Amino acid sequence: MLSLQYIRENVDRVKRDVLLRNATAPIDRILQLDEERREVLQQVEALRARRNAASKAIGASKDAAGRDERIAEMRVVGDEINQLDARLKGVETELQAKLYEVPNILDPSVPRGPDETSNEVVAVVGSIPEFSFAPRPHWELGELVNGLDIERGAKMSGSRFYTLRGPLAKLQRALIQFMLDEHSKAGFTESYLPYMLSEASLYAAGQLPKFRDNLYRDAEEDYFFIPTAEVAFVNLYRDEIIPPGQLPMRFVGHTPCFRREKMSAGRDVRGIKRGHQFEKVEMFVYCEPEQSGEELEALLVRACSIPEKLGLPYRVLALCSGDIGFNSTKTFDLEIWAPGQGEWLEVSSASNCLDFQARRANIRYRTAADAPTAYPHMLNASGLALPRTVIAVMENYQREDGSIGVPEALQPYMGIDVIPAV
RNA sequence: GGAGGGGUCGCAUAGUGGUCUAGUGCGCCCGCCUGCUAAGCGGGUUCCGGGGUAACUCGGUCGAGGGUUCAAAUCCCUCCCCCUCCGCCA
(Lines give C-alpha, C1' and ligand atoms only; values in the text may rest on other atoms or scores of the structure.)
Protein backbone atom coordinates (compact mmCIF):
# COMPACT_ATOMS: atom_id res chain seq x y z
CA MET A 1 0.00 0.00 0.00
CA LEU A 2 0.94 3.62 -0.33
CA SER A 3 1.61 5.74 2.74
CA LEU A 4 -1.02 8.23 3.77
CA GLN A 5 1.60 10.90 3.74
CA TYR A 6 2.52 10.09 0.16
CA ILE A 7 -1.10 10.19 -0.94
CA ARG A 8 -1.64 13.47 0.91
CA GLU A 9 1.37 15.07 -0.74
CA ASN A 10 0.93 13.60 -4.24
CA VAL A 11 -2.82 13.43 -4.75
CA ASP A 12 -2.65 14.34 -8.42
CA ARG A 13 -0.12 11.72 -9.34
CA VAL A 14 -1.85 8.99 -7.37
CA LYS A 15 -5.19 9.77 -9.00
CA ARG A 16 -3.63 9.98 -12.45
CA ASP A 17 -1.94 6.60 -12.09
CA VAL A 18 -5.17 4.98 -10.94
CA LEU A 19 -6.83 6.32 -14.09
CA LEU A 20 -3.96 5.15 -16.28
CA ARG A 21 -4.41 1.69 -14.84
CA ASN A 22 -8.04 1.72 -15.86
CA ALA A 23 -8.81 1.19 -12.17
CA THR A 24 -10.70 2.97 -9.44
CA ALA A 25 -9.63 3.85 -5.90
CA PRO A 26 -11.33 5.88 -3.18
CA ILE A 27 -8.67 8.57 -2.89
CA ASP A 28 -10.97 11.41 -1.86
CA ARG A 29 -12.61 9.30 0.82
CA ILE A 30 -9.17 8.36 2.12
CA LEU A 31 -8.13 11.99 2.47
CA GLN A 32 -11.36 12.76 4.25
CA LEU A 33 -10.93 9.83 6.67
CA ASP A 34 -7.34 10.79 7.29
CA GLU A 35 -8.37 14.24 8.43
CA GLU A 36 -11.15 12.89 10.57
CA ARG A 37 -8.80 10.40 12.16
CA ARG A 38 -6.31 13.02 13.20
CA GLU A 39 -9.01 15.25 14.59
CA VAL A 40 -10.56 12.52 16.74
CA LEU A 41 -7.14 11.23 17.73
CA GLN A 42 -6.17 14.58 19.18
CA GLN A 43 -9.35 14.76 21.21
CA VAL A 44 -9.06 11.27 22.62
CA GLU A 45 -5.37 11.62 23.41
CA ALA A 46 -5.95 14.87 25.28
CA LEU A 47 -8.58 13.14 27.40
CA ARG A 48 -6.31 10.20 28.04
CA ALA A 49 -3.50 12.48 29.14
CA ARG A 50 -5.91 14.08 31.60
CA ARG A 51 -7.05 10.76 32.94
CA ASN A 52 -3.53 9.43 33.30
CA ALA A 53 -2.53 12.45 35.35
CA ALA A 54 -5.64 12.22 37.53
CA SER A 55 -5.20 8.50 38.13
CA LYS A 56 -1.69 9.05 39.26
CA ALA A 57 -2.85 11.75 41.66
CA ILE A 58 -5.54 9.41 42.99
CA GLY A 59 -2.95 6.75 43.68
CA ALA A 60 -0.76 9.17 45.59
CA SER A 61 -3.59 10.92 47.43
CA LYS A 62 -4.37 10.44 51.10
CA ASP A 63 -7.35 12.76 51.11
CA ALA A 64 -10.35 10.42 50.91
CA ALA A 65 -12.95 13.05 50.01
CA GLY A 66 -10.93 14.63 47.19
CA ARG A 67 -10.15 11.16 45.98
CA ASP A 68 -13.78 10.15 45.60
CA GLU A 69 -14.52 13.37 43.79
CA ARG A 70 -11.73 12.76 41.30
CA ILE A 71 -12.82 9.19 40.74
CA ALA A 72 -16.32 10.36 39.92
CA GLU A 73 -14.89 12.93 37.52
CA MET A 74 -12.73 10.40 35.78
CA ARG A 75 -15.63 8.03 35.41
CA VAL A 76 -17.23 10.63 33.16
CA VAL A 77 -13.98 11.19 31.26
CA GLY A 78 -13.69 7.44 30.82
CA ASP A 79 -17.09 7.32 29.14
CA GLU A 80 -16.10 10.11 26.79
CA ILE A 81 -12.90 8.29 25.91
CA ASN A 82 -14.82 5.11 25.14
CA GLN A 83 -17.15 6.96 22.81
CA LEU A 84 -14.37 8.74 20.95
CA ASP A 85 -12.38 5.53 20.83
CA ALA A 86 -15.22 3.69 19.15
CA ARG A 87 -15.48 6.44 16.57
CA LEU A 88 -11.73 6.45 16.03
CA LYS A 89 -11.71 2.73 15.55
CA GLY A 90 -14.47 2.94 12.98
CA VAL A 91 -12.56 5.58 11.06
CA GLU A 92 -9.29 3.64 11.20
CA THR A 93 -10.90 0.40 10.08
CA GLU A 94 -12.45 2.05 7.06
CA LEU A 95 -9.27 3.95 6.30
CA GLN A 96 -7.22 0.76 6.35
CA ALA A 97 -9.70 -1.03 4.11
CA LYS A 98 -9.71 1.83 1.62
CA LEU A 99 -5.91 2.06 1.60
CA TYR A 100 -5.77 -1.63 0.71
CA GLU A 101 -7.72 -0.83 -2.46
CA VAL A 102 -5.22 1.68 -3.85
CA PRO A 103 -2.83 0.25 -6.45
CA ASN A 104 0.85 1.12 -6.60
CA ILE A 105 2.05 4.20 -8.44
CA LEU A 106 3.42 3.71 -11.95
CA ASP A 107 6.99 4.14 -12.99
CA PRO A 108 7.20 7.06 -15.45
CA SER A 109 8.65 4.74 -18.09
CA VAL A 110 5.56 2.52 -18.16
CA PRO A 111 3.85 2.72 -21.57
CA ARG A 112 0.36 4.12 -21.41
CA GLY A 113 -2.58 2.15 -22.68
CA PRO A 114 -5.85 0.60 -21.57
CA ASP A 115 -5.11 -3.13 -22.03
CA GLU A 116 -2.58 -5.72 -23.17
CA THR A 117 -2.75 -4.54 -26.78
CA SER A 118 -0.66 -1.54 -25.69
CA ASN A 119 2.19 -3.59 -24.19
CA GLU A 120 5.50 -2.76 -25.84
CA VAL A 121 7.81 -5.37 -27.28
CA VAL A 122 11.24 -4.28 -26.06
CA ALA A 123 13.29 -7.25 -27.31
CA VAL A 124 12.98 -10.34 -29.50
CA VAL A 125 15.80 -12.85 -29.00
CA GLY A 126 16.63 -16.04 -30.88
CA SER A 127 15.27 -17.20 -34.19
CA ILE A 128 11.93 -18.79 -34.70
CA PRO A 129 12.56 -22.36 -35.87
CA GLU A 130 11.63 -23.36 -39.40
CA PHE A 131 10.00 -26.73 -39.86
CA SER A 132 9.84 -28.83 -43.01
CA PHE A 133 6.57 -30.21 -41.68
CA ALA A 134 3.58 -28.75 -39.87
CA PRO A 135 4.69 -28.46 -36.22
CA ARG A 136 2.34 -30.15 -33.79
CA PRO A 137 0.85 -28.61 -30.67
CA HIS A 138 2.12 -30.06 -27.39
CA TRP A 139 -1.03 -32.02 -26.63
CA GLU A 140 -0.48 -34.07 -29.79
CA LEU A 141 3.22 -34.48 -29.08
CA GLY A 142 2.40 -35.47 -25.51
CA GLU A 143 0.36 -38.38 -26.77
CA LEU A 144 2.94 -39.39 -29.34
CA VAL A 145 5.62 -39.76 -26.66
CA ASN A 146 3.11 -41.25 -24.23
CA GLY A 147 3.94 -38.58 -21.63
CA LEU A 148 0.79 -36.52 -21.25
CA ASP A 149 -2.58 -37.74 -20.08
CA ILE A 150 -5.20 -35.07 -19.90
CA GLU A 151 -8.21 -37.37 -19.71
CA ARG A 152 -7.06 -39.22 -16.63
CA GLY A 153 -6.25 -35.92 -14.94
CA ALA A 154 -9.79 -34.76 -15.64
CA LYS A 155 -11.15 -38.06 -14.36
CA MET A 156 -9.37 -37.64 -11.04
CA SER A 157 -9.96 -33.95 -10.46
CA GLY A 158 -11.98 -32.35 -13.22
CA SER A 159 -11.09 -30.03 -16.03
CA ARG A 160 -7.77 -28.18 -16.05
CA PHE A 161 -5.93 -31.09 -14.43
CA TYR A 162 -3.61 -33.51 -16.20
CA THR A 163 -0.84 -35.94 -15.48
CA LEU A 164 2.64 -36.16 -16.89
CA ARG A 165 4.49 -39.44 -16.97
CA GLY A 166 7.74 -40.95 -18.06
CA PRO A 167 10.00 -38.65 -20.04
CA LEU A 168 7.73 -35.60 -19.83
CA ALA A 169 7.48 -35.86 -16.04
CA LYS A 170 11.27 -36.12 -16.02
CA LEU A 171 11.56 -33.20 -18.41
CA GLN A 172 9.59 -30.99 -16.03
CA ARG A 173 11.69 -32.12 -13.08
CA ALA A 174 14.88 -31.55 -15.06
CA LEU A 175 13.78 -28.03 -15.91
CA ILE A 176 13.03 -27.23 -12.27
CA GLN A 177 16.38 -28.63 -11.18
CA PHE A 178 18.22 -26.80 -13.95
CA MET A 179 16.61 -23.46 -13.14
CA LEU A 180 17.23 -23.77 -9.39
CA ASP A 181 20.86 -24.63 -10.10
CA GLU A 182 21.30 -21.70 -12.47
CA HIS A 183 19.84 -19.13 -10.08
CA SER A 184 21.64 -20.58 -7.08
CA LYS A 185 24.91 -20.25 -8.97
CA ALA A 186 24.05 -16.60 -9.52
CA GLY A 187 23.86 -16.06 -5.77
CA PHE A 188 20.18 -16.57 -5.06
CA THR A 189 19.49 -18.45 -1.84
CA GLU A 190 17.47 -21.58 -2.48
CA SER A 191 14.39 -21.79 -0.28
CA TYR A 192 11.77 -24.35 0.58
CA LEU A 193 8.49 -22.68 1.49
CA PRO A 194 5.06 -23.45 2.91
CA TYR A 195 2.45 -24.02 0.22
CA MET A 196 -0.36 -22.89 2.50
CA LEU A 197 -0.42 -19.52 4.22
CA SER A 198 -2.71 -17.72 6.63
CA GLU A 199 -5.22 -15.12 5.56
CA ALA A 200 -3.10 -12.38 7.13
CA SER A 201 -0.22 -13.42 4.90
CA LEU A 202 -2.35 -13.14 1.79
CA TYR A 203 -3.37 -9.62 2.81
CA ALA A 204 0.23 -8.65 3.45
CA ALA A 205 1.24 -9.75 -0.01
CA GLY A 206 -1.63 -7.92 -1.69
CA GLN A 207 -3.53 -11.00 -2.90
CA LEU A 208 -6.42 -10.16 -0.62
CA PRO A 209 -8.92 -8.64 -0.63
CA LYS A 210 -8.88 -8.19 -4.39
CA PHE A 211 -8.16 -11.71 -5.63
CA ARG A 212 -10.17 -13.80 -3.20
CA ASP A 213 -12.05 -15.37 -6.12
CA ASN A 214 -8.83 -16.72 -7.52
CA LEU A 215 -7.60 -18.52 -4.40
CA TYR A 216 -8.18 -21.97 -2.96
CA ARG A 217 -8.54 -22.31 0.76
CA ASP A 218 -9.11 -24.87 3.47
CA ALA A 219 -12.75 -24.92 4.50
CA GLU A 220 -12.08 -25.37 8.21
CA GLU A 221 -8.76 -23.80 8.95
CA ASP A 222 -6.98 -20.58 8.19
CA TYR A 223 -5.00 -21.89 5.23
CA PHE A 224 -4.86 -20.48 1.73
CA PHE A 225 -3.02 -22.35 -1.01
CA ILE A 226 -0.37 -20.12 -2.55
CA PRO A 227 -1.09 -18.85 -6.07
CA THR A 228 2.64 -18.09 -6.39
CA ALA A 229 5.75 -18.38 -4.21
CA GLU A 230 5.90 -14.59 -4.23
CA VAL A 231 3.26 -14.60 -1.51
CA ALA A 232 5.47 -16.70 0.75
CA PHE A 233 8.61 -14.68 0.01
CA VAL A 234 6.86 -11.44 0.93
CA ASN A 235 5.82 -12.93 4.24
CA LEU A 236 9.26 -14.36 5.08
CA TYR A 237 10.14 -11.11 6.82
CA ARG A 238 6.68 -9.88 7.75
CA ASP A 239 6.64 -7.72 10.89
CA GLU A 240 10.43 -7.70 11.09
CA ILE A 241 13.13 -5.08 11.05
CA ILE A 242 16.01 -6.29 8.88
CA PRO A 243 19.34 -5.44 10.55
CA PRO A 244 22.00 -3.33 8.82
CA GLY A 245 24.19 -4.94 6.18
CA GLN A 246 21.82 -7.68 5.02
CA LEU A 247 20.35 -6.08 1.91
CA PRO A 248 20.16 -7.00 -0.85
CA MET A 249 18.70 -10.45 -0.09
CA ARG A 250 18.00 -12.64 -3.11
CA PHE A 251 16.00 -15.84 -2.95
CA VAL A 252 14.88 -18.56 -5.32
CA GLY A 253 12.43 -21.36 -4.70
CA HIS A 254 10.32 -23.92 -6.47
CA THR A 255 6.71 -24.37 -5.41
CA PRO A 256 3.48 -25.56 -6.87
CA CYS A 257 0.94 -22.79 -7.45
CA PHE A 258 -2.81 -23.06 -7.12
CA ARG A 259 -5.27 -20.84 -8.95
CA ARG A 260 -9.00 -21.05 -9.48
CA GLU A 261 -8.72 -19.27 -12.85
CA LYS A 262 -12.33 -18.19 -12.58
CA MET A 263 -11.49 -15.00 -14.36
CA SER A 264 -10.01 -16.97 -17.24
CA ALA A 265 -12.81 -19.50 -17.55
CA GLY A 266 -13.08 -20.60 -21.14
CA ARG A 267 -9.62 -19.35 -22.12
CA ASP A 268 -6.84 -21.70 -23.13
CA VAL A 269 -8.92 -24.80 -22.67
CA ARG A 270 -6.75 -26.87 -24.96
CA GLY A 271 -3.60 -28.52 -23.62
CA ILE A 272 -1.83 -27.81 -20.34
CA LYS A 273 -1.03 -24.13 -20.67
CA ARG A 274 -3.44 -23.05 -17.97
CA GLY A 275 -4.27 -25.38 -15.08
CA HIS A 276 -5.47 -25.06 -11.51
CA GLN A 277 -2.16 -26.44 -10.29
CA PHE A 278 1.25 -25.80 -11.79
CA GLU A 279 4.92 -25.66 -10.83
CA LYS A 280 6.98 -22.51 -10.83
CA VAL A 281 10.51 -21.44 -9.95
CA GLU A 282 10.36 -17.98 -8.44
CA MET A 283 13.02 -15.38 -7.66
CA PHE A 284 12.55 -12.72 -5.05
CA VAL A 285 14.65 -9.73 -3.95
CA TYR A 286 14.65 -7.45 -0.92
CA CYS A 287 16.83 -4.37 -1.49
CA GLU A 288 17.40 -0.75 -0.59
CA PRO A 289 15.26 1.75 -2.51
CA GLU A 290 18.15 3.10 -4.56
CA GLN A 291 18.90 -0.37 -5.89
CA SER A 292 15.51 -1.56 -7.07
CA GLY A 293 15.84 -0.19 -10.61
CA GLU A 294 19.00 -2.19 -11.25
CA GLU A 295 17.66 -5.21 -9.43
CA LEU A 296 14.68 -5.30 -11.79
CA GLU A 297 17.02 -5.25 -14.80
CA ALA A 298 19.12 -7.98 -13.22
CA LEU A 299 16.07 -10.16 -12.56
CA LEU A 300 15.00 -9.76 -16.15
CA VAL A 301 18.46 -10.75 -17.41
CA ARG A 302 18.42 -13.72 -15.03
CA ALA A 303 15.02 -14.89 -16.30
CA CYS A 304 16.09 -14.44 -19.93
CA SER A 305 19.18 -16.55 -19.36
CA ILE A 306 16.97 -19.64 -19.07
CA PRO A 307 15.43 -19.61 -22.59
CA GLU A 308 18.84 -18.58 -23.88
CA LYS A 309 20.55 -21.60 -22.36
CA LEU A 310 17.70 -23.80 -23.54
CA GLY A 311 17.89 -22.38 -27.05
CA LEU A 312 14.31 -21.15 -27.06
CA PRO A 313 13.21 -18.01 -28.93
CA TYR A 314 11.65 -15.41 -26.66
CA ARG A 315 10.60 -11.82 -26.44
CA VAL A 316 10.30 -9.26 -23.67
CA LEU A 317 7.32 -6.99 -23.16
CA ALA A 318 7.08 -3.84 -21.09
CA LEU A 319 3.58 -4.03 -19.68
CA CYS A 320 1.45 -0.96 -20.21
CA SER A 321 -0.39 0.94 -17.51
CA GLY A 322 -3.66 -0.89 -18.11
CA ASP A 323 -2.14 -4.37 -17.91
CA ILE A 324 0.38 -4.03 -15.08
CA GLY A 325 -0.30 -5.77 -11.76
CA PHE A 326 -1.84 -4.07 -8.73
CA ASN A 327 1.35 -4.24 -6.61
CA SER A 328 3.82 -3.36 -9.32
CA THR A 329 5.28 -0.06 -10.44
CA LYS A 330 6.92 -1.60 -13.49
CA THR A 331 6.70 -5.05 -15.04
CA PHE A 332 8.41 -6.93 -17.85
CA ASP A 333 6.87 -10.11 -19.21
CA LEU A 334 8.96 -12.79 -20.84
CA GLU A 335 7.28 -14.88 -23.51
CA ILE A 336 8.62 -17.93 -25.32
CA TRP A 337 7.52 -18.83 -28.82
CA ALA A 338 5.48 -22.02 -29.08
CA PRO A 339 5.46 -23.00 -32.76
CA GLY A 340 2.96 -25.84 -32.40
CA GLN A 341 0.29 -23.59 -31.01
CA GLY A 342 1.64 -20.63 -32.94
CA GLU A 343 1.62 -18.26 -29.99
CA TRP A 344 3.86 -16.58 -27.43
CA LEU A 345 3.66 -18.22 -24.01
CA GLU A 346 4.06 -16.06 -20.92
CA VAL A 347 6.63 -17.79 -18.73
CA SER A 348 7.79 -14.96 -16.49
CA SER A 349 6.75 -11.66 -15.09
CA ALA A 350 9.41 -9.49 -13.48
CA SER A 351 8.07 -6.73 -11.25
CA ASN A 352 9.39 -3.97 -9.07
CA CYS A 353 6.91 -3.33 -6.27
CA LEU A 354 8.94 -0.59 -4.57
CA ASP A 355 7.98 -0.36 -0.89
CA PHE A 356 4.33 -1.19 -1.62
CA GLN A 357 4.46 -4.72 -0.23
CA ALA A 358 6.93 -3.87 2.53
CA ARG A 359 4.53 -1.32 3.90
CA ARG A 360 1.64 -3.70 3.73
CA ALA A 361 3.66 -6.50 5.30
CA ASN A 362 5.26 -4.17 7.85
CA ILE A 363 8.81 -5.03 6.82
CA ARG A 364 11.49 -2.46 7.58
CA TYR A 365 15.26 -2.29 7.55
CA ARG A 366 18.06 -0.15 8.95
CA THR A 367 21.16 1.13 7.25
CA ALA A 368 22.97 1.45 10.59
CA ALA A 369 22.30 0.38 14.17
CA ASP A 370 21.30 3.90 15.19
CA ALA A 371 19.56 4.81 11.93
CA PRO A 372 15.80 5.14 11.72
CA THR A 373 13.79 2.36 10.10
CA ALA A 374 12.90 2.51 6.41
CA TYR A 375 10.90 0.35 4.03
CA PRO A 376 12.91 -1.91 1.70
CA HIS A 377 11.95 -2.39 -1.92
CA MET A 378 10.75 -5.79 -3.02
CA LEU A 379 10.89 -7.40 -6.45
CA ASN A 380 9.83 -10.71 -7.91
CA ALA A 381 10.31 -12.60 -11.15
CA SER A 382 9.41 -16.08 -12.26
CA GLY A 383 12.40 -18.00 -13.34
CA LEU A 384 10.44 -19.67 -15.04
CA ALA A 385 6.91 -21.02 -14.97
CA LEU A 386 6.18 -24.67 -15.67
CA PRO A 387 4.63 -26.41 -17.49
CA ARG A 388 4.75 -23.67 -20.10
CA THR A 389 8.48 -24.09 -20.41
CA VAL A 390 7.86 -27.81 -20.92
CA ILE A 391 5.45 -26.89 -23.72
CA ALA A 392 8.06 -24.59 -25.25
CA VAL A 393 10.74 -27.28 -25.22
CA MET A 394 8.35 -29.85 -26.70
CA GLU A 395 7.10 -27.65 -29.50
CA ASN A 396 10.46 -26.11 -30.43
CA TYR A 397 12.47 -29.34 -30.30
CA GLN A 398 9.91 -31.58 -31.99
CA ARG A 399 10.81 -33.72 -34.99
CA GLU A 400 8.68 -34.94 -37.81
CA ASP A 401 8.16 -38.41 -36.30
CA GLY A 402 6.86 -36.91 -33.08
CA SER A 403 10.02 -37.42 -31.04
CA ILE A 404 11.39 -34.50 -29.07
CA GLY A 405 15.03 -33.47 -28.81
CA VAL A 406 16.39 -32.68 -25.35
CA PRO A 407 18.15 -29.29 -25.13
CA GLU A 408 21.83 -29.68 -24.45
CA ALA A 409 21.62 -27.89 -21.10
CA LEU A 410 19.09 -30.47 -19.89
CA GLN A 411 20.85 -33.59 -21.13
CA PRO A 412 22.94 -34.00 -17.96
CA TYR A 413 19.71 -33.82 -15.96
CA MET A 414 17.78 -36.27 -18.14
CA GLY A 415 20.51 -38.67 -19.17
CA ILE A 416 19.07 -38.84 -22.71
CA ASP A 417 19.23 -36.59 -25.75
CA VAL A 418 15.88 -37.41 -27.28
CA ILE A 419 12.43 -38.31 -26.07
CA PRO A 420 11.30 -40.97 -28.51
CA ALA A 421 7.87 -41.31 -30.05
CA VAL A 422 6.32 -44.65 -29.13
C1' G B 1 -5.98 -35.76 19.91
C1' G B 2 -4.79 -35.77 25.73
C1' A B 3 -1.98 -33.58 30.03
C1' G B 4 1.23 -29.87 31.75
C1' G B 5 4.56 -25.45 31.36
C1' G B 6 5.57 -20.88 29.02
C1' G B 7 5.33 -15.91 25.81
C1' U B 8 7.91 -8.89 29.61
C1' C B 9 12.15 -3.09 26.19
C1' G B 10 18.58 -7.15 21.29
C1' C B 11 19.53 -11.59 24.93
C1' A B 12 18.61 -13.34 30.05
C1' U B 13 15.46 -12.30 33.94
C1' A B 14 12.29 -9.40 38.12
C1' G B 15 7.59 -7.80 38.60
C1' U B 16 -0.12 -10.76 41.67
C1' G B 17 -4.16 -3.43 41.02
C1' G B 18 -1.47 2.89 42.06
C1' U B 19 6.39 5.59 43.31
C1' C B 20 6.16 0.79 36.90
C1' U B 21 8.25 7.05 34.24
C1' A B 22 8.53 -1.52 33.44
C1' G B 23 13.68 -2.83 37.63
C1' U B 24 18.35 -5.74 37.27
C1' G B 25 22.34 -8.33 34.56
C1' C B 26 24.60 -9.07 29.78
C1' G B 27 25.37 -6.98 25.03
C1' C B 28 25.70 -2.44 22.33
C1' C B 29 26.48 3.19 21.85
C1' C B 30 28.42 7.97 23.92
C1' G B 31 31.43 10.29 27.59
C1' C B 32 34.95 10.37 31.91
C1' C B 33 39.22 8.10 33.88
C1' U B 34 43.57 5.85 31.63
C1' G B 35 51.22 4.52 28.86
C1' C B 36 47.84 0.52 26.00
C1' U B 37 44.02 -2.98 27.12
C1' A B 38 40.83 -4.52 30.83
C1' A B 39 38.40 -2.93 35.08
C1' G B 40 35.88 1.28 37.21
C1' C B 41 32.51 5.65 36.97
C1' G B 42 28.40 8.54 34.50
C1' G B 43 24.75 8.63 30.71
C1' G B 44 22.05 6.31 26.72
C1' U B 45 19.69 1.90 24.32
C1' U B 46 11.61 -1.10 21.98
C1' C B 47 8.56 0.17 18.23
C1' C B 48 4.28 2.98 16.24
C1' G B 49 1.39 7.34 15.93
C1' G B 50 -0.38 12.74 16.98
C1' G B 51 1.15 18.04 17.68
C1' G B 52 5.42 21.41 16.87
C1' U B 53 10.22 25.09 12.29
C1' A B 54 12.65 23.25 16.53
C1' A B 55 14.06 22.17 21.61
C1' C B 56 10.33 19.23 22.89
C1' U B 57 5.69 17.21 24.08
C1' C B 58 1.35 13.89 24.25
C1' G B 59 -0.76 8.99 23.39
C1' G B 60 -0.29 3.83 22.54
C1' U B 61 2.87 -0.54 22.97
C1' C B 62 4.62 -6.38 28.37
C1' G B 63 2.09 -12.73 22.23
C1' A B 64 -3.13 -10.79 19.82
C1' G B 65 -8.06 -9.10 20.66
C1' G B 66 -11.99 -8.03 24.04
C1' G B 67 -13.71 -7.04 29.26
C1' U B 68 -13.62 -5.21 34.63
C1' U B 69 -11.61 -0.51 37.04
C1' C B 70 -10.73 6.34 38.32
C1' A B 71 -6.24 3.25 37.29
C1' A B 72 -4.15 -3.35 34.27
C1' A B 73 2.33 -6.39 32.71
C1' U B 74 -0.69 -7.68 37.10
C1' C B 75 -7.77 -9.60 37.55
C1' C B 76 -11.58 -12.02 33.86
C1' C B 77 -12.85 -14.01 28.73
C1' U B 78 -11.52 -15.60 23.68
C1' C B 79 -7.68 -16.68 20.38
C1' C B 80 -2.45 -17.43 18.50
C1' C B 81 2.44 -19.27 19.05
C1' C B 82 6.49 -22.02 21.55
C1' C B 83 8.29 -26.02 24.88
C1' U B 84 7.83 -30.97 27.64
C1' C B 85 5.43 -35.73 28.16
C1' C B 86 1.72 -39.28 26.17
C1' G B 87 -0.96 -41.04 21.76
C1' C B 88 -0.88 -41.24 16.37
C1' C B 89 2.01 -40.73 12.07
C1' A B 90 5.29 -39.79 6.39
# chains A, B, ... in the order shown; residues from 1 in each chain; ligands from 1
>>> closest_atom_pairs(of="chain A", to="chain B", cutoff="6 Å", atoms="only C-alpha atoms (C1' of nucleotides)", output="tab-separated table")
residue	atom	partner	partner_atom	distance
A:Glu45	CA	B:G59	C1'	5.3
A:Ser55	CA	B:A71	C1'	5.4
A:Gly59	CA	B:G18	C1'	4.4
A:Ile71	CA	B:C70	C1'	4.3
A:Met74	CA	B:C70	C1'	5.2
A:Arg75	CA	B:C70	C1'	5.9
>>> residues_around(residues="Gln341 of chain A", least_positions_apart="2", cutoff="9 Å", atoms="only C-alpha atoms (C1' of nucleotides)", output="list in words")
Pro135, Arg136, Pro137, His138, Trp337, Ala338, Pro339, Glu343, Trp344 and Glu395 of chain A
>>> select_by_dssp(residues="segment 35-158 of chain A", states="alpha helix (DSSP H)", output="number ranges by chain")
A: 35-60, 64-100, 138-144, 150-157
>>> atom_distance(atom1="atom CA of Arg364 of chain A", atom2="atom CA of Ser382 of chain A")
24.2 Å
>>> residues_around(residues="Val14 of chain A", least_positions_apart="4", cutoff="9 Å", atoms="only C-alpha atoms (C1' of nucleotides)", output="PyMOL selection string")
chain A and resi 6-7+10+18-19+27+102-106
>>> residues_around(residues="G6 of chain B", least_positions_apart="3", cutoff="12 Å", atoms="only C-alpha atoms (C1' of nucleotides)", output="PyMOL selection string")
chain B and resi 63+81-84
>>> residues_around(residues="Thr255 of chain A", least_positions_apart="5", cutoff="8 Å", atoms="only C-alpha atoms (C1' of nucleotides)", output="list in words")
Tyr192, Leu193, Tyr195, Thr228, Ala229, Glu279, Lys280, Val281 and Glu282 of chain A
>>> closest_residue(among="A:Asp85, A:Glu288, A:Asp28, A:Glu297", to="Val44 of chain A", atoms="only C-alpha atoms")
A:Asp85
>>> residues_around(residues="Asp417 of chain A", least_positions_apart="3", cutoff="10 Å", atoms="only C-alpha atoms (C1' of nucleotides)", output="NGL selection string")
:A and (404-408 or 410-412 or 414 or 420)
>>> residues_around(residues="Val347 of chain A", least_positions_apart="2", cutoff="8 Å", atoms="only C-alpha atoms (C1' of nucleotides)", output="list in words")
Asp333, Leu334, Glu335, Ile336, Leu345, Ser349, Ser382, Gly383, Leu384, Ala385, Leu386, Arg388 and Thr389 of chain A
>>> select_by_dssp(residues="segment 8-150 of chain A", states="strand (DSSP E or B)", output="list in words")
Glu120, Val121, Val122, Ala123, Val124, Val125, Leu148 and Asp149 of chain A
>>> closest_residue(among="A:Met179, A:Val269, A:Ala232, A:Ala123", to="Ala205 of chain A", atoms="only C-alpha atoms")
A:Ala232
